[in-house]
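Visitor: Contents of start_14.pdb (PDB, C-alpha atoms) are below:
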```pdb
ATOM      1  CA  MET C   5      28.422  91.948 206.684
ATOM      2  CA  LYS C   6      25.923  93.153 204.093
ATOM      3  CA  VAL C   7      22.463  91.577 204.250
ATOM      4  CA  ARG C   8      19.652  92.392 201.848
ATOM      5  CA  SER C   9      16.352  91.063 200.547
ATOM      6  CA  ASP C  10      15.111  91.038 196.957
ATOM      7  CA  SER C  11      14.043  88.593 194.262
ATOM      8  CA  THR C  12      15.992  89.565 191.161
ATOM      9  CA  ALA C  13      17.291  87.080 188.588
ATOM     10  CA  VAL C  14      20.811  87.548 189.997
ATOM     11  CA  ASP C  15      19.589  86.832 193.535
ATOM     12  CA  PHE C  16      17.859  83.680 192.315
ATOM     13  CA  GLU C  17      21.026  82.420 190.563
ATOM     14  CA  THR C  18      23.050  83.129 193.705
ATOM     15  CA  PHE C  19      20.505  81.251 195.829
ATOM     16  CA  TRP C  20      20.511  78.308 193.405
ATOM     17  CA  ASN C  21      24.316  78.046 193.273
ATOM     18  CA  LEU C  22      24.657  78.203 197.067
ATOM     19  CA  LEU C  23      21.851  75.662 197.535
ATOM     20  CA  LYS C  24      23.569  73.250 195.105
ATOM     21  CA  ALA C  25      26.912  73.687 196.869
ATOM     22  CA  THR C  26      25.339  73.068 200.279
ATOM     23  CA  ALA C  27      23.478  69.973 199.076
ATOM     24  CA  SER C  28      26.638  68.551 197.541
ATOM     25  CA  ARG C  29      28.712  69.277 200.637
ATOM     26  CA  ALA C  30      26.124  67.886 203.067
ATOM     27  CA  GLY C  31      24.978  64.984 200.914
ATOM     28  CA  PHE C  32      21.267  65.753 200.622
ATOM     29  CA  GLY C  33      19.016  65.978 197.587
ATOM     30  CA  ILE C  34      17.361  69.070 196.209
ATOM     31  CA  HIS C  35      14.579  69.703 193.730
ATOM     32  CA  PRO C  36      15.265  70.799 190.147
ATOM     33  CA  LYS C  37      16.031  74.484 189.634
ATOM     34  CA  ALA C  38      12.615  75.036 188.004
ATOM     35  CA  HIS C  39      10.919  73.982 191.256
ATOM     36  CA  TYR C  40      12.486  76.838 193.243
ATOM     37  CA  ARG C  41      11.894  79.293 190.397
ATOM     38  CA  ALA C  42       8.211  78.316 190.359
ATOM     39  CA  ILE C  43       7.928  78.878 194.126
ATOM     40  CA  LEU C  44       9.474  82.325 193.812
ATOM     41  CA  ASP C  45       7.314  83.276 190.824
ATOM     42  CA  GLN C  46       4.087  81.970 192.376
ATOM     43  CA  PHE C  47       4.436  83.774 195.688
ATOM     44  CA  LYS C  48       6.135  87.018 194.699
ATOM     45  CA  SER C  49       3.021  88.172 192.873
ATOM     46  CA  GLY C  50       1.569  89.838 195.971
ATOM     47  CA  GLU C  51      -1.806  88.316 195.143
ATOM     48  CA  LYS C  52      -3.652  85.355 196.536
ATOM     49  CA  PRO C  53      -2.358  82.106 195.009
ATOM     50  CA  GLY C  54      -4.064  81.315 191.722
ATOM     51  CA  GLN C  55      -4.860  84.948 190.863
ATOM     52  CA  ASP C  56      -3.146  86.917 188.119
ATOM     53  CA  GLY C  57      -1.254  89.939 189.336
ATOM     54  CA  ALA C  58       1.706  92.164 188.700
ATOM     55  CA  ALA C  59       5.059  90.991 190.012
ATOM     56  CA  GLY C  60       5.956  92.182 193.503
ATOM     57  CA  SER C  61       8.662  94.745 194.067
ATOM     58  CA  ALA C  62      11.505  94.752 196.570
ATOM     59  CA  GLY C  63      10.017  97.563 198.642
ATOM     60  CA  LYS C  64       6.440  96.325 198.751
ATOM     61  CA  GLN C  65       5.002  95.645 202.171
ATOM     62  CA  VAL C  66       3.948  92.058 202.771
ATOM     63  CA  GLY C  67       1.704  90.325 205.251
ATOM     64  CA  LYS C  68      -1.267  91.849 207.092
ATOM     65  CA  GLU C  69      -4.001  91.162 204.527
ATOM     66  CA  ALA C  70      -5.324  87.598 204.659
ATOM     67  CA  GLY C  71      -4.026  85.595 201.703
ATOM     68  CA  GLN C  72      -1.569  88.226 200.460
ATOM     69  CA  THR C  73       1.704  86.660 199.382
ATOM     70  CA  ASP C  74       5.287  87.559 198.576
ATOM     71  CA  ALA C  75       8.599  85.746 198.236
ATOM     72  CA  ARG C  76      12.097  87.076 198.729
ATOM     73  CA  ILE C  77      15.628  85.843 198.576
ATOM     74  CA  VAL C  78      17.691  87.094 201.504
ATOM     75  CA  THR C  79      21.439  87.244 200.887
ATOM     76  CA  ALA C  80      24.291  87.833 203.310
ATOM     77  CA  GLY C  81      27.707  88.813 202.043
ATOM     78  CA  TYR C  82      31.126  89.552 203.432
ATOM     79  CA  GLN C  83      34.043  91.306 201.732
ATOM     80  CA  GLY C  84      32.084  91.624 198.505
ATOM     81  CA  LYS C  85      31.028  87.968 198.198
ATOM     82  CA  VAL C  86      27.587  86.534 198.947
ATOM     83  CA  LEU C  87      28.076  83.711 201.441
ATOM     84  CA  ALA C  88      24.492  82.721 202.232
ATOM     85  CA  ALA C  89      21.102  82.929 200.558
ATOM     86  CA  LEU C  90      17.672  81.782 201.630
ATOM     87  CA  LEU C  91      14.191  81.725 200.144
ATOM     88  CA  VAL C  92      11.408  83.157 202.307
ATOM     89  CA  ILE C  93       7.693  82.984 201.500
ATOM     90  CA  TYR C  94       5.221  85.390 203.069
ATOM     91  CA  PHE C  95       1.579  84.369 203.315
ATOM     92  CA  GLY C  96      -0.696  86.696 205.242
ATOM     93  CA  ASP C  97       0.751  86.983 208.750
ATOM     94  CA  ARG C  98       3.256  84.132 208.268
ATOM     95  CA  ALA C  99       6.830  84.053 206.999
ATOM     96  CA  ILE C 100       8.265  80.671 206.013
ATOM     97  CA  TYR C 101      11.962  79.926 205.511
ATOM     98  CA  VAL C 102      11.755  77.428 202.656
ATOM     99  CA  HIS C 103      15.342  76.551 201.725
ATOM    100  CA  GLY C 104      18.806  78.060 201.963
ATOM    101  CA  GLY C 105      22.423  77.525 201.114
ATOM    102  CA  SER C 106      25.826  78.805 202.106
ATOM    103  CA  ALA C 107      29.447  78.888 201.049
ATOM    104  CA  ARG C 108      32.297  77.427 203.077
ATOM    105  CA  GLU C 109      34.418  80.549 202.825
ATOM    106  CA  HIS C 110      34.471  82.800 205.882
ATOM    107  CA  ALA C 111      32.368  80.331 207.879
ATOM    108  CA  THR C 112      33.283  82.107 211.110
ATOM    109  CA  VAL C 113      31.323  85.242 210.132
ATOM    110  CA  MET C 114      28.120  83.145 210.338
ATOM    111  CA  ALA C 115      26.463  84.558 207.205
ATOM    112  CA  PRO C 116      23.556  82.046 207.321
ATOM    113  CA  PHE C 117      22.603  83.254 210.803
ATOM    114  CA  ALA C 118      22.805  86.891 209.685
ATOM    115  CA  ALA C 119      20.467  86.133 206.759
ATOM    116  CA  GLN C 120      18.023  84.250 208.996
ATOM    117  CA  TRP C 121      17.974  86.995 211.627
ATOM    118  CA  TYR C 122      17.428  89.612 208.924
ATOM    119  CA  ALA C 123      14.492  87.586 207.540
ATOM    120  CA  ILE C 124      12.968  87.337 211.026
ATOM    121  CA  ARG C 125      13.281  91.082 211.614
ATOM    122  CA  GLN C 126      11.874  91.872 208.168
ATOM    123  CA  ALA C 127       8.898  89.570 208.765
ATOM    124  CA  LYS C 128       8.130  91.269 212.079
ATOM    125  CA  GLU C 129       8.384  94.731 210.478
ATOM    126  CA  HIS C 130       5.797  93.653 207.903
ATOM    127  CA  GLY C 131       3.309  92.415 210.455
ATOM    128  CA  CYS C 132       4.034  88.693 210.374
ATOM    129  CA  ARG C 133       3.277  86.881 213.617
ATOM    130  CA  TRP C 134       4.616  83.439 212.706
TER     131      TRP C 134
END
```
Now, as a test, write the supplied structure out as structure tokens.

Guide:
Amino acid sequence: MKVRSDSTAVDFETFWNLLKATASRAGFGIHPKAHYRAILDQFKSGEKPGQDGAAGSAGKQVGKEAGQTDARIVTAGYQGKVLAALLVIYFGDRAIYVHGGSAREHATVMAPFAAQWYAIRQAKEHGCRW
């Protein structure tokens, strides 16, 4: 299992496609694609919401400073295919799992759980308490 965290355009498209597939399979509604893109763009700045700032980078530390933000897409893959993706927002000392999706293939490898556990560990490493 390969699990990673970033917020590239490819990661966003993967997240979106898996979210759509999950919503269709489970029968629940989702917001338009632009909604999730706006969340990612707003929070990945590394600045307090409403301030202008340079886009965050994959290796940038998050958390700790009050009001500092970031957003990442965590992906989990198996045998070369991404099977789960989730959107995580960081705000100060909090990490919030916003939405996620998964593929049906290789369900027994539990890719969504691997992605969630990775996100929890990453949040703790960056000083998040919640």

Visitor: Between atom CA of Gly104 of chain C and atom CA of Tyr122 of chain C, what is the distance in Å, rounded to a tenth?

Guide: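 Computed distance, atom CA of Gly104 of chain C to atom CA of Tyr122 of chain C, equals 13.6 Å.
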
Visitor: Evaluating the PyMOL selection byres ((chain C and resi 11) around 9) on the displayed file yields which residues, as a PyMOL selection string?

Guide: chain C and resi 9-10+12-16+44+48+60-62+75-78

Visitor: Mind checking which residues fall within 12 Å of Val7 of chain C, counting all atoms listed in the file, ignoring those fewer than 5 positions away in the same chain, and posting them as a PyMOL selection string?

Guide: chain C and resi 77-90+114-123+125-126

Visitor: Suppose you want the space between atom CA of Lys6 of chain C and atom CA of Asp97 of chain C; what is it in Å?

Guide: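 Separation between atom CA of Lys6 of chain C and atom CA of Asp97 of chain C: 26.3 Å.
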
Visitor: Show which residues sit within 8 Å of segment 33-43 of chain C, as an MDAnalysis selection string. Count all atoms listed in the file, and ignore same-chain residues fewer than 3 positions away.

Guide: chainID C and resid 16 20 24 27 46:47
